[in-house]
Structure formats: structure tokens, C-alpha cells
$ cat my_file_33.cif   # mmCIF, C-alpha atoms
data_run
loop_
_atom_site.group_PDB
_atom_site.id
_atom_site.type_symbol
_atom_site.label_atom_id
_atom_site.label_comp_id
_atom_site.auth_asym_id
_atom_site.auth_seq_id
_atom_site.Cartn_x
_atom_site.Cartn_y
_atom_site.Cartn_z
ATOM 1 C CA MET A 1 0.804 -18.268 18.854
ATOM 2 C CA LYS A 2 -1.780 -15.697 17.754
ATOM 3 C CA GLU A 3 -4.520 -16.976 15.465
ATOM 4 C CA TYR A 4 -6.855 -15.155 13.126
ATOM 5 C CA SER A 5 -9.601 -16.676 10.978
ATOM 6 C CA PRO A 6 -12.546 -14.309 10.658
ATOM 7 C CA ILE A 7 -15.241 -14.939 8.065
ATOM 8 C CA GLN A 8 -14.237 -12.984 4.942
ATOM 9 C CA LYS A 9 -17.670 -11.598 4.079
ATOM 10 C CA TYR A 10 -16.803 -10.427 0.564
ATOM 11 C CA ASP A 11 -15.451 -13.867 -0.413
ATOM 12 C CA LEU A 12 -18.430 -15.577 1.217
ATOM 13 C CA LEU A 13 -20.822 -13.387 -0.772
ATOM 14 C CA ASN A 14 -18.864 -14.154 -3.955
ATOM 15 C CA SER A 15 -19.100 -17.896 -3.338
ATOM 16 C CA PHE A 16 -22.830 -17.551 -2.704
ATOM 17 C CA MET A 17 -23.275 -15.662 -5.977
ATOM 18 C CA TYR A 18 -21.176 -18.238 -7.908
ATOM 19 C CA VAL A 19 -23.941 -20.757 -7.151
ATOM 20 C CA LEU A 20 -27.008 -18.498 -7.142
ATOM 21 C CA VAL A 21 -26.473 -16.914 -10.583
ATOM 22 C CA PRO A 22 -26.097 -20.172 -12.601
ATOM 23 C CA LEU A 23 -28.828 -21.823 -10.544
ATOM 24 C CA SER A 24 -31.220 -18.966 -11.319
ATOM 25 C CA PHE A 25 -30.424 -19.233 -15.037
ATOM 26 C CA LEU A 26 -30.989 -22.969 -14.894
ATOM 27 C CA THR A 27 -34.361 -22.433 -13.191
ATOM 28 C CA ILE A 28 -35.390 -19.905 -15.865
ATOM 29 C CA ILE A 29 -34.394 -22.261 -18.700
ATOM 30 C CA ILE A 30 -36.234 -25.212 -17.127
ATOM 31 C CA SER A 31 -39.274 -23.019 -16.532
ATOM 32 C CA ILE A 32 -39.311 -21.858 -20.177
ATOM 33 C CA LEU A 33 -38.891 -25.435 -21.460
ATOM 34 C CA MET A 34 -41.583 -26.860 -19.188
ATOM 35 C CA PHE A 35 -44.195 -24.065 -19.122
ATOM 36 C CA GLY A 36 -43.325 -22.062 -22.215
ATOM 37 C CA GLY A 37 -42.692 -18.937 -20.137
ATOM 38 C CA LEU A 38 -41.259 -17.608 -16.894
ATOM 39 C CA PHE A 39 -42.852 -19.381 -13.967
ATOM 40 C CA VAL A 40 -42.189 -17.556 -10.715
ATOM 41 C CA ASN A 41 -42.709 -19.574 -7.603
ATOM 42 C CA LYS A 42 -41.697 -18.526 -4.084
ATOM 43 C CA ALA A 43 -40.897 -22.084 -3.057
ATOM 44 C CA ILE A 44 -38.435 -22.496 -5.951
ATOM 45 C CA LEU A 45 -36.860 -19.142 -5.130
ATOM 46 C CA ILE A 46 -36.396 -20.093 -1.468
ATOM 47 C CA LEU A 47 -35.049 -23.488 -2.495
ATOM 48 C CA ASN A 48 -32.522 -21.787 -4.812
ATOM 49 C CA LEU A 49 -31.431 -19.474 -2.023
ATOM 50 C CA LEU A 50 -31.028 -22.365 0.407
ATOM 51 C CA ILE A 51 -29.029 -24.462 -2.094
ATOM 52 C CA SER A 52 -26.856 -21.426 -2.897
ATOM 53 C CA ALA A 53 -26.261 -20.707 0.786
ATOM 54 C CA TYR A 54 -25.247 -24.298 1.489
ATOM 55 C CA LEU A 55 -23.063 -24.819 -1.606
ATOM 56 C CA GLY A 56 -21.663 -21.279 -1.417
ATOM 57 C CA TYR A 57 -20.568 -21.846 2.166
ATOM 58 C CA ARG A 58 -18.940 -25.168 1.172
ATOM 59 C CA ILE A 59 -17.099 -23.471 -1.729
ATOM 60 C CA TYR A 60 -16.018 -20.613 0.545
ATOM 61 C CA LYS A 61 -14.703 -22.978 3.204
ATOM 62 C CA SER A 62 -12.824 -25.184 0.762
ATOM 63 C CA SER A 63 -11.347 -22.446 -1.473
ATOM 64 C CA TYR A 64 -11.361 -19.006 0.154
ATOM 65 C CA HIS A 65 -11.494 -19.083 3.935
ATOM 66 C CA MET A 66 -8.198 -17.943 5.384
ATOM 67 C CA LYS A 67 -6.557 -18.916 8.635
ATOM 68 C CA PHE A 68 -3.483 -17.124 9.834
ATOM 69 C CA SER A 69 -1.326 -17.811 12.847
ATOM 70 C CA TYR A 70 1.985 -16.318 13.856
ATOM 71 C CA ASP A 71 4.452 -15.842 16.646
ATOM 72 C CA ARG A 72 7.802 -14.052 16.936
ATOM 73 C CA LYS A 73 9.590 -16.609 14.767
ATOM 74 C CA SER A 74 7.227 -17.899 12.116
ATOM 75 C CA PHE A 75 3.832 -17.706 10.474
ATOM 76 C CA ASN A 76 1.352 -20.025 8.840
ATOM 77 C CA LEU A 77 -1.243 -18.950 6.280
ATOM 78 C CA GLU A 78 -3.929 -21.281 4.965
ATOM 79 C CA LYS A 79 -6.326 -20.423 2.169
ATOM 80 C CA GLY A 80 -9.118 -22.931 1.762
ATOM 81 C CA LYS A 81 -8.111 -26.525 2.180
ATOM 82 C CA LYS A 82 -5.322 -26.719 -0.375
ATOM 83 C CA LYS A 83 -3.130 -23.635 -0.224
ATOM 84 C CA LYS A 84 -0.751 -23.480 2.709
ATOM 85 C CA ILE A 85 2.135 -21.073 3.172
ATOM 86 C CA GLN A 86 4.561 -21.438 6.014
ATOM 87 C CA GLY A 87 7.480 -19.199 6.619
ATOM 88 C CA ARG A 88 10.000 -17.879 9.083
ATOM 89 C CA TRP A 89 10.336 -14.122 9.480
ATOM 90 C CA LYS A 90 14.104 -14.348 9.302
ATOM 91 C CA ASP A 91 13.918 -15.607 5.717
ATOM 92 C CA PHE A 92 12.648 -12.217 4.551
ATOM 93 C CA ASP A 93 14.551 -9.008 3.993
ATOM 94 C CA ARG A 94 11.979 -6.319 3.372
ATOM 95 C CA VAL A 95 8.386 -5.594 4.350
ATOM 96 C CA SER A 96 5.881 -3.387 2.600
ATOM 97 C CA TYR A 97 2.371 -2.168 3.327
ATOM 98 C CA ALA A 98 0.275 -2.371 0.179
ATOM 99 C CA TYR A 99 -3.162 -1.054 -0.712
ATOM 100 C CA THR A 100 -5.169 -3.523 -2.768
ATOM 101 C CA GLY A 101 -8.321 -1.435 -3.218
ATOM 102 C CA TYR A 102 -11.709 -1.263 -1.464
ATOM 103 C CA ASN A 103 -10.067 -0.219 1.819
ATOM 104 C CA GLU A 104 -8.064 -3.421 2.011
ATOM 105 C CA PHE A 105 -4.369 -3.655 2.773
ATOM 106 C CA GLU A 106 -1.903 -6.492 2.634
ATOM 107 C CA ILE A 107 1.626 -6.992 3.901
ATOM 108 C CA ARG A 108 4.184 -8.044 1.296
ATOM 109 C CA LEU A 109 7.330 -9.875 2.298
ATOM 110 C CA TYR A 110 10.379 -9.554 0.065
ATOM 111 C CA LYS A 111 13.484 -11.696 -0.271
ATOM 112 C CA LYS A 112 16.761 -10.350 -1.501
ATOM 113 C CA LYS A 113 18.014 -12.206 -4.573
ATOM 114 C CA GLY A 114 21.292 -10.794 -5.801
ATOM 115 C CA LYS A 115 20.766 -7.053 -5.819
ATOM 116 C CA GLU A 116 17.017 -7.233 -6.302
ATOM 117 C CA TYR A 117 14.218 -7.565 -3.762
ATOM 118 C CA VAL A 118 11.609 -10.037 -4.942
ATOM 119 C CA PRO A 119 8.099 -10.221 -3.416
ATOM 120 C CA GLU A 120 7.595 -13.733 -2.084
ATOM 121 C CA THR A 121 4.574 -13.745 0.190
ATOM 122 C CA LYS A 122 1.480 -11.627 0.652
ATOM 123 C CA ILE A 123 -0.451 -11.575 3.903
ATOM 124 C CA PRO A 124 -3.939 -10.100 3.382
ATOM 125 C CA ALA A 125 -3.982 -8.345 6.742
ATOM 126 C CA THR A 126 -7.314 -6.497 6.444
ATOM 127 C CA LYS A 127 -9.140 -9.648 5.339
ATOM 128 C CA LEU A 128 -7.706 -11.432 8.357
ATOM 129 C CA GLY A 129 -9.045 -8.788 10.711
ATOM 130 C CA LEU A 130 -5.601 -7.395 11.541
ATOM 131 C CA ASN A 131 -4.685 -3.731 11.672
ATOM 132 C CA ALA A 132 -2.438 -3.779 8.602
ATOM 133 C CA SER A 133 -0.327 -0.776 9.550
ATOM 134 C CA ASP A 134 0.391 -2.004 13.088
ATOM 135 C CA PHE A 135 1.007 -5.525 11.828
ATOM 136 C CA ARG A 136 3.591 -4.200 9.343
ATOM 137 C CA PHE A 137 5.593 -2.676 12.216
ATOM 138 C CA GLU A 138 5.256 -5.879 14.221
ATOM 139 C CA VAL A 139 6.641 -7.897 11.293
ATOM 140 C CA MET A 140 9.472 -5.397 10.773
ATOM 141 C CA ASN A 141 10.417 -5.858 14.429
ATOM 142 C CA PHE A 142 10.250 -9.669 14.151
ATOM 143 C CA ILE A 143 12.603 -9.581 11.171
ATOM 144 C CA LYS A 144 14.999 -7.220 12.963
ATOM 145 C CA ASP A 145 14.957 -9.329 16.158
ATOM 146 C CA GLU A 146 15.544 -12.556 14.271
ATOM 147 C CA ARG A 147 18.493 -10.998 12.414
ATOM 148 C CA TYR A 148 20.286 -10.052 15.615
ATOM 149 C CA ASN A 149 19.487 -13.232 17.567
ATOM 150 C CA PHE A 150 20.570 -15.991 15.244
ATOM 151 C CA MET B 1 11.460 7.449 15.994
ATOM 152 C CA ASN B 2 9.973 10.704 17.108
ATOM 153 C CA GLU B 3 6.210 10.543 17.642
ATOM 154 C CA LEU B 4 5.584 13.652 15.533
ATOM 155 C CA ILE B 5 7.456 12.213 12.552
ATOM 156 C CA GLU B 6 5.639 8.894 12.843
ATOM 157 C CA ARG B 7 2.302 10.712 12.968
ATOM 158 C CA TYR B 8 3.204 12.656 9.822
ATOM 159 C CA LEU B 9 4.258 9.509 7.959
ATOM 160 C CA LEU B 10 1.076 7.620 8.852
ATOM 161 C CA LYS B 11 -1.112 10.539 7.787
ATOM 162 C CA LEU B 12 0.825 11.009 4.564
ATOM 163 C CA GLU B 13 0.472 7.317 3.756
ATOM 164 C CA GLU B 14 -3.272 7.524 4.317
ATOM 165 C CA GLN B 15 -3.599 10.741 2.304
ATOM 166 C CA LEU B 16 -1.679 9.471 -0.691
ATOM 167 C CA MET B 17 -2.858 5.854 -0.751
ATOM 168 C CA ILE B 18 -6.561 6.172 -0.068
ATOM 169 C CA LYS B 19 -7.532 9.840 0.038
ATOM 170 C CA LYS B 20 -6.811 12.761 -2.270
ATOM 171 C CA GLY B 21 -3.457 11.382 -3.416
ATOM 172 C CA LYS B 22 -5.519 9.305 -5.857
ATOM 173 C CA TRP B 23 -5.811 12.445 -8.010
ATOM 174 C CA LEU B 24 -2.039 12.562 -8.284
ATOM 175 C CA ALA B 25 -1.194 8.908 -8.900
ATOM 176 C CA ASP B 26 -2.128 5.444 -7.745
ATOM 177 C CA PHE B 27 0.201 5.002 -4.758
ATOM 178 C CA ASN B 28 -0.195 1.419 -3.716
ATOM 179 C CA GLU B 29 2.872 0.320 -1.789
ATOM 180 C CA SER B 30 4.740 1.824 1.128
ATOM 181 C CA PHE B 31 8.151 0.867 2.456
ATOM 182 C CA ARG B 32 9.600 2.107 5.743
ATOM 183 C CA ASP B 33 13.317 2.508 6.530
ATOM 184 C CA PHE B 34 14.126 2.301 2.837
ATOM 185 C CA GLU B 35 17.791 2.371 1.918
ATOM 186 C CA VAL B 36 19.164 3.885 -1.290
ATOM 187 C CA ASP B 37 22.937 4.068 -1.774
ATOM 188 C CA GLY B 38 23.533 3.943 1.971
ATOM 189 C CA ASN B 39 21.001 6.728 2.661
ATOM 190 C CA ASP B 40 18.161 5.760 4.982
ATOM 191 C CA PHE B 41 14.826 7.200 3.957
ATOM 192 C CA LEU B 42 11.995 7.246 6.456
ATOM 193 C CA MET B 43 9.529 6.153 3.831
ATOM 194 C CA TYR B 44 9.231 5.309 0.165
ATOM 195 C CA LEU B 45 5.835 5.220 -1.513
ATOM 196 C CA GLU B 46 5.620 3.549 -4.888
ATOM 197 C CA GLY B 47 2.918 3.889 -7.457
ATOM 198 C CA GLY B 48 1.906 4.496 -11.029
ATOM 199 C CA THR B 49 -0.301 6.827 -13.008
ATOM 200 C CA ARG B 50 -2.494 4.076 -14.371
ATOM 201 C CA THR B 51 -5.282 3.234 -11.953
ATOM 202 C CA LYS B 52 -6.672 -0.218 -11.380
ATOM 203 C CA GLY B 53 -10.298 -1.218 -11.296
ATOM 204 C CA PHE B 54 -12.849 -3.267 -13.158
ATOM 205 C CA LEU B 55 -12.978 -3.707 -16.907
ATOM 206 C CA LEU B 56 -14.242 -0.244 -17.940
ATOM 207 C CA SER B 57 -11.855 1.607 -15.608
ATOM 208 C CA LYS B 58 -9.012 -0.504 -16.942
ATOM 209 C CA ILE B 59 -9.885 0.264 -20.551
ATOM 210 C CA ALA B 60 -10.273 3.993 -19.767
ATOM 211 C CA ALA B 61 -6.958 4.053 -17.898
ATOM 212 C CA PHE B 62 -5.246 2.223 -20.770
ATOM 213 C CA LEU B 63 -6.578 4.656 -23.369
ATOM 214 C CA LEU B 64 -6.357 7.922 -21.473
ATOM 215 C CA THR B 65 -3.474 7.858 -19.017
ATOM 216 C CA PRO B 66 0.236 7.330 -19.562
ATOM 217 C CA ASN B 67 1.840 4.449 -17.714
ATOM 218 C CA TYR B 68 4.354 6.296 -15.536
ATOM 219 C CA LYS B 69 6.100 4.858 -12.548
ATOM 220 C CA VAL B 70 6.148 7.377 -9.714
ATOM 221 C CA GLY B 71 7.665 7.528 -6.262
ATOM 222 C CA VAL B 72 7.716 9.566 -3.067
ATOM 223 C CA PHE B 73 10.727 9.592 -0.786
ATOM 224 C CA VAL B 74 10.658 11.104 2.695
ATOM 225 C CA TYR B 75 13.950 11.942 4.358
ATOM 226 C CA LEU B 76 14.695 13.322 7.801
ATOM 227 C CA LEU B 77 17.219 16.076 7.197
ATOM 228 C CA LYS B 78 19.430 16.217 10.266
ATOM 229 C CA ASN B 79 22.264 17.985 8.523
ATOM 230 C CA GLU B 80 21.583 20.336 5.610
ATOM 231 C CA ARG B 81 24.921 19.413 4.070
ATOM 232 C CA ASP B 82 23.363 16.010 3.210
ATOM 233 C CA PHE B 83 20.813 17.670 0.906
ATOM 234 C CA GLN B 84 22.841 17.571 -2.308
ATOM 235 C CA ARG B 85 23.975 13.978 -1.733
ATOM 236 C CA ILE B 86 20.395 12.790 -1.227
ATOM 237 C CA VAL B 87 19.102 14.600 -4.320
ATOM 238 C CA LEU B 88 21.882 13.159 -6.471
ATOM 239 C CA SER B 89 21.403 9.603 -5.225
ATOM 240 C CA LEU B 90 17.685 9.804 -5.983
ATOM 241 C CA GLU B 91 18.226 11.228 -9.441
ATOM 242 C CA LYS B 92 20.449 8.247 -10.099
ATOM 243 C CA LEU B 93 17.747 5.900 -8.824
ATOM 244 C CA LYS B 94 15.099 7.692 -10.905
ATOM 245 C CA LYS B 95 17.069 6.964 -14.056
ATOM 246 C CA LYS B 96 17.838 3.393 -13.052
ATOM 247 C CA GLU B 97 14.252 2.546 -12.108
ATOM 248 C CA ASP B 98 12.831 4.504 -15.042
ATOM 249 C CA MET B 99 10.640 6.620 -12.776
ATOM 250 C CA GLU B 100 8.870 9.416 -14.548
ATOM 251 C CA TRP B 101 7.827 11.528 -11.548
ATOM 252 C CA LEU B 102 9.509 11.664 -8.220
ATOM 253 C CA TRP B 103 8.789 13.643 -5.079
ATOM 254 C CA LEU B 104 11.401 14.166 -2.447
ATOM 255 C CA ILE B 105 10.189 15.486 0.890
ATOM 256 C CA PHE B 106 12.700 16.689 3.462
ATOM 257 C CA LEU B 107 11.457 16.819 7.021
ATOM 258 C CA LYS B 108 12.936 18.843 9.820
ATOM 259 C CA GLU B 109 11.737 19.672 13.283
ATOM 260 C CA ASN B 110 12.978 23.238 13.130
ATOM 261 C CA GLU B 111 13.552 25.980 10.574
ATOM 262 C CA PHE B 112 15.387 25.330 7.317
ATOM 263 C CA SER B 113 18.245 27.702 6.534
ATOM 264 C CA LYS B 114 17.673 30.568 4.086
ATOM 265 C CA ASN B 115 20.336 29.135 1.804
ATOM 266 C CA LEU B 116 18.541 25.830 1.460
ATOM 267 C CA ILE B 117 15.164 27.486 0.965
ATOM 268 C CA GLU B 118 16.530 29.645 -1.861
ATOM 269 C CA ARG B 119 18.223 26.641 -3.399
ATOM 270 C CA VAL B 120 15.005 24.633 -3.464
ATOM 271 C CA GLU B 121 12.927 27.541 -4.764
ATOM 272 C CA ARG B 122 15.421 28.150 -7.572
ATOM 273 C CA ASP B 123 15.515 24.470 -8.555
ATOM 274 C CA ASN B 124 13.672 23.821 -11.797
ATOM 275 C CA SER B 125 14.165 20.071 -12.348
ATOM 276 C CA LYS B 126 11.179 19.209 -14.499
ATOM 277 C CA ARG B 127 10.142 15.813 -13.274
ATOM 278 C CA VAL B 128 11.258 16.014 -9.662
ATOM 279 C CA GLY B 129 9.346 17.713 -6.873
ATOM 280 C CA ILE B 130 11.364 18.798 -3.863
ATOM 281 C CA GLY B 131 9.629 19.928 -0.698
ATOM 282 C CA LEU B 132 10.836 21.174 2.676
ATOM 283 C CA LEU B 133 8.503 20.598 5.598
ATOM 284 C CA ASN B 134 9.008 21.956 9.075
ATOM 285 C CA LEU B 135 7.027 19.495 11.196
ATOM 286 C CA GLN B 136 6.718 21.717 14.255
ATOM 287 C CA GLU B 137 5.237 24.471 12.148
ATOM 288 C CA LEU B 138 2.931 21.936 10.516
ATOM 289 C CA GLU B 139 1.700 20.858 13.942
ATOM 290 C CA ARG B 140 1.295 24.432 15.189
ATOM 291 C CA VAL B 141 -0.307 26.062 12.180
ATOM 292 C CA ARG B 142 -3.090 24.520 10.139
ATOM 293 C CA LYS B 143 -1.754 25.808 6.828
ATOM 294 C CA ALA B 144 1.984 25.840 7.325
ATOM 295 C CA LYS B 145 4.183 27.267 4.594
ATOM 296 C CA VAL B 146 5.618 24.463 2.509
ATOM 297 C CA ILE B 147 8.732 25.270 0.533
ATOM 298 C CA HIS B 148 8.867 23.595 -2.848
ATOM 299 C CA ASN B 149 10.548 23.892 -6.206
ATOM 300 C CA SER B 150 8.862 25.589 -9.124
ATOM 301 C CA SER B 151 8.267 22.642 -11.465
ATOM 302 C CA PHE B 152 4.742 21.351 -12.091
ATOM 303 C CA ILE B 153 5.520 18.310 -9.957
ATOM 304 C CA GLY B 154 6.911 20.517 -7.183
ATOM 305 C CA ARG B 155 3.854 22.770 -7.171
ATOM 306 C CA GLN B 156 1.685 19.768 -6.157
ATOM 307 C CA ILE B 157 3.501 19.439 -2.834
ATOM 308 C CA PRO B 158 1.471 21.919 -0.709
ATOM 309 C CA ARG B 159 -1.793 20.319 -1.826
ATOM 310 C CA TYR B 160 -0.910 16.670 -1.395
ATOM 311 C CA PHE B 161 1.961 16.448 1.060
ATOM 312 C CA GLN B 162 0.793 18.806 3.731
ATOM 313 C CA VAL B 163 -1.246 16.887 6.290
ATOM 314 C CA LYS B 164 -3.135 17.989 9.367
ATOM 315 C CA LEU B 165 -1.164 16.753 12.381
#

$ encode --input "my_file_33.cif" --output "C-alpha cells"
Amino acid sequence: MKEYSPIQKYDLLNSFMYVLVPLSFLTIIISILMFGGLFVNKAILILNLLISAYLGYRIYKSSYHMKFSYDRKSFNLEKGKKKKIQGRWKDFDRVSYAYTGYNEFEIRLYKKKGKEYVPETKIPATKLGLNASDFRFEVMNFIKDERYNF
Amino acid sequence: MNELIERYLLKLEEQLMIKKGKWLADFNESFRDFEVDGNDFLMYLEGGTRTKGFLLSKIAAFLLTPNYKVGVFVYLLKNERDFQRIVLSLEKLKKKEDMEWLWLIFLKENEFSKNLIERVERDNSKRVGIGLLNLQELERVRKAKVIHNSSFIGRQIPRYFQVKL
């Protein structure tokens, strides 16, 4: 089984900023309340950065970090600690290669329901460090192979 | 599939999804081996005229651009007698899917017949662009002649659908 779980830098930076921005505001408010003005101190700044780095990394790991593994028959996608998607290639009927902006691509898997094709799963290939275009062809072949070897 | 065709499709995808195709529409999804009414298209690119982005871009797009659904179909024309059938099946799909603009690109690895060229050049369907691309010529010559219909949509074909192979 192939496994991919690179650090998703953009999400990591986001998580870091989620902590740093409110923490900086909090520091400013405390400083105004205590000293009646903005008190800039390098030690406080470094402390804020360290807290943000630690908490941001924890938030990233628990909510955003993605792990993806797959073989010829199935795949497993985990996002953070809660969201898990498992699937078998043969359960899907159509594959698409989608551009999500900022040079990122994802692979969308569709299921046929009646006459319509409904998107069921998205695999963020670029974020996972995969070559999205090549991976799309690989998935198309998996689906074809599974269809003919049931 | 032939290596030349695959190379064209990959370059076209790149051109329309992330390069200058952005000026035409926001093409964001590509399907390969797409079937419509029993006809197998090499590729179908789906998109819209309203671009995505952050808040300001979204507001600007909402106020300034119409929300059209657009599509590009690429078909390998092995037999020129299939031409009419393909065009009709896509016009049916255009109505069904409520697509406002549609481009239909026919690929061939040799010359198109004079009859077909005249037929395409005479075509004046307003919201459909039809293009004929000879891949070998496209590979040989940097600016190959692209045959297209005369509508506004059709006239965009040489600029956006001709790629450097």
C-alpha cells in the first residue's frame, strides 16, 4: 500500500495564524489595560510566537493534517483525527481532475445514481504531494480493472 | 491512446484551467473518456463564467459577470460521417444541461476534407464554437491553421485551443 502524508504548509500556516492573531490582540488589550498604552517587549513577542507555534501545530495535527494510503483495490483518507474516508475504487463510476485554485488540484470520484453522476469523494492530490494528473489516470485504471475482475 | 493526442489533451487542460483560458471562462473540472449518447469524447472540460476567489473578487464577479455554464468537448474524428451526429448530440446536451457556451473541438491526425471545412466555416450557430484541428500540422508548424466557425465563440478557438506541442 502506498502512503502519503506530507506536511501541508498552507494549512499549517493557517493554524499558526489562528492562534497568533487572537493572542496578539489579547496582548495588546492587556498591555493597554495595565500600562495605559502599547507596551512592546521582545520577550512577550517571542513567547507569543512560541505559544502560537506549539498550539498551531497541535490544531493542524488534530484538524487538518491529511494521510492518504491506497492500493489497487481501495483507499483510505484521514483528515485530522476525526474525519476518515475509506472506499473501494470499484464503488465509483467516474473520475474527474479538478482545479481548486492556487495551483492545487483534486481528484473527484463520482457515483452513478439513476441517470445522474453524483460527486461522492474528493482526494486533494496536490496537497498530498501526488501528481494529480498522473494519479487521475491511475485511479481510472483501478476502476476499469476492478470492473472487469469482479 | 496515441501519444500525440494525449500530449495535446494535457496541454489543453493546462492552458484552459490555469493559463490563458482564465480569460475565457473558469474551467475547473476535466473528465476523460466522457460518454454522451453513446459517443465517446476524449475529454470534457466543465466550467462557468463566474470566477471564484476571496470576498472582493466574489462580489465583483457577482455584479459584473453573467453566471453561464460552459463546456469544452474534444472528439477524435475517425470518420467524417460522424460529424453531424456528434454536433446534434451535443446540441441536445447543451439544452438539457442549460449550457450557455459550448466549444466542440474535432481532432484528426491528417487533413480534414474540403467539404467538412466549408461546412464548419459556413456554420453560424451563435453559442457554439466548432473547431477542426489537424494534430500533425499542429506539431509541425508553430501556428497551424485552425478551422473554426464564424460565431463569436468560434472565433476564440485559434487563440485558446491551439497549443504548442

$ closest_residue --input "my_file_33.cif" --among "A:Phe35, A:Tyr97, A:Tyr57, A:Phe105" --to "Lys9 of chain A" --atoms "only C-alpha atoms"
A:Tyr57

$ closest_atom_pairs --input "my_file_33.cif" --of "chain B" --to "chain A" --cutoff "7 Å" --atoms "all atoms listed in the file" --output "tab-separated table"
residue	atom	partner	partner_atom	distance
B:Met17	CA	A:Tyr99	CA	6.9
B:Asn28	CA	A:Tyr99	CA	4.9
B:Glu29	CA	A:Ala98	CA	4.2
B:Ser30	CA	A:Tyr97	CA	5.1
B:Phe31	CA	A:Ser96	CA	4.8

$ resolve_selection --input "my_file_33.cif" --expression "the PyMOL selection byres ((chain B and resi 19) around 12)" --output "ChimeraX atom specification"
/A:99,101-103 /B:11-18,20-28,160-161,163

$ residues_near_point --input "my_file_33.cif" --point "(11.2, -5.5, 9.5)" --cutoff "12 Å" --atoms "all atoms listed in the file" --output "PyMOL selection string"
(chain A and resi 72+89-97+107-111+134-148) or (chain B and resi 31-34)

$ closest_residue --input "my_file_33.cif" --among "B:Val128, B:Met43, B:Ile105, B:Leu4" --to "Gly154 of chain B" --atoms "only C-alpha atoms"
B:Val128

$ residues_around --input "my_file_33.cif" --residues "segment 74-88 of chain B" --least-positions-apart "3" --cutoff "7 Å" --atoms "all atoms listed in the file" --output "ChimeraX atom specification"
/B:41-44,91-92,104-108

$ write_last_selection --input "my_file_33.cif" --atoms "C-alpha atoms" --output "PDB file, in the coordinates of the input"
ATOM      1  CA  PHE B  41      14.826   7.200   3.957  1.00  0.00           C
ATOM      2  CA  LEU B  42      11.995   7.246   6.456  1.00  0.00           C
ATOM      3  CA  MET B  43       9.529   6.153   3.831  1.00  0.00           C
ATOM      4  CA  TYR B  44       9.231   5.309   0.165  1.00  0.00           C
ATOM      5  CA  GLU B  91      18.226  11.228  -9.441  1.00  0.00           C
ATOM      6  CA  LYS B  92      20.449   8.247 -10.099  1.00  0.00           C
ATOM      7  CA  LEU B 104      11.401  14.166  -2.447  1.00  0.00           C
ATOM      8  CA  ILE B 105      10.189  15.486   0.890  1.00  0.00           C
ATOM      9  CA  PHE B 106      12.700  16.689   3.462  1.00  0.00           C
ATOM     10  CA  LEU B 107      11.457  16.819   7.021  1.00  0.00           C
ATOM     11  CA  LYS B 108      12.936  18.843   9.820  1.00  0.00           C
TER      12      LYS B 108
END

$ closest_residue --input "my_file_33.cif" --among "A:Asn76, A:Gly37, A:Met66, A:Asn48" --to "Thr126 of chain A" --atoms "only C-alpha atoms"
A:Met66

$ resolve_selection --input "my_file_33.cif" --expression "the PyMOL selection byres ((chain B and resi 3) around 12)" --output "number ranges by chain"
B: 1-2, 4-10, 109, 135-136, 139, 165

$ atom_distance --input "my_file_33.cif" --atom1 "atom CA of Gly131 of chain B" --atom2 "atom CA of Trp103 of chain B"
7.7 Å

$ residues_around --input "my_file_33.cif" --residues "Gly80 of chain A" --least-positions-apart "3" --cutoff "9 Å" --atoms "only C-alpha atoms" --output "ChimeraX atom specification"
/A:59-67,83-84

$ resolve_selection --input "my_file_33.cif" --expression "the PyMOL selection byres ((chain A and resi 7) around 9)" --output "PyMOL selection string"
chain A and resi 5-6+8-12+65-66+127-128

$ atom_distance --input "my_file_33.cif" --atom1 "atom CA of Asn115 of chain B" --atom2 "atom CA of Ile130 of chain B"
14.8 Å

$ atom_distance --input "my_file_33.cif" --atom1 "atom CA of Glu111 of chain B" --atom2 "atom CA of Ser151 of chain B"
22.9 Å

$ axis_aligned_box --input "my_file_33.cif" --around "segment 27-32 of chain B" --padding-each-side "5 Å" --output "JSON"
{"center_x": 4.7, "center_y": 2.7, "center_z": 0.5, "size_x": 19.8, "size_y": 14.7, "size_z": 20.5}

$ closest_residue --input "my_file_33.cif" --among "B:Ile157, B:Leu55, B:Val36, B:Leu116" --to "Gly129 of chain B" --atoms "all atoms listed in the file"
B:Ile157

$ closest_residue --input "my_file_33.cif" --among "A:Met17, A:Ala132, A:Val118, A:Ile123" --to "Ser52 of chain A" --atoms "all atoms listed in the file"
A:Met17

$ residues_around --input "my_file_33.cif" --residues "Ser150 of chain B" --least-positions-apart "2" --cutoff "7 Å" --atoms "all atoms listed in the file" --output "list in words"
Glu121, Asp123, Asn124, His148, Phe152, Gly154 and Arg155 of chain B

$ residues_around --input "my_file_33.cif" --residues "Met1 of chain A" --least-positions-apart "5" --cutoff "8 Å" --atoms "all atoms listed in the file" --output "list in words"
Ser69, Tyr70 and Asp71 of chain A
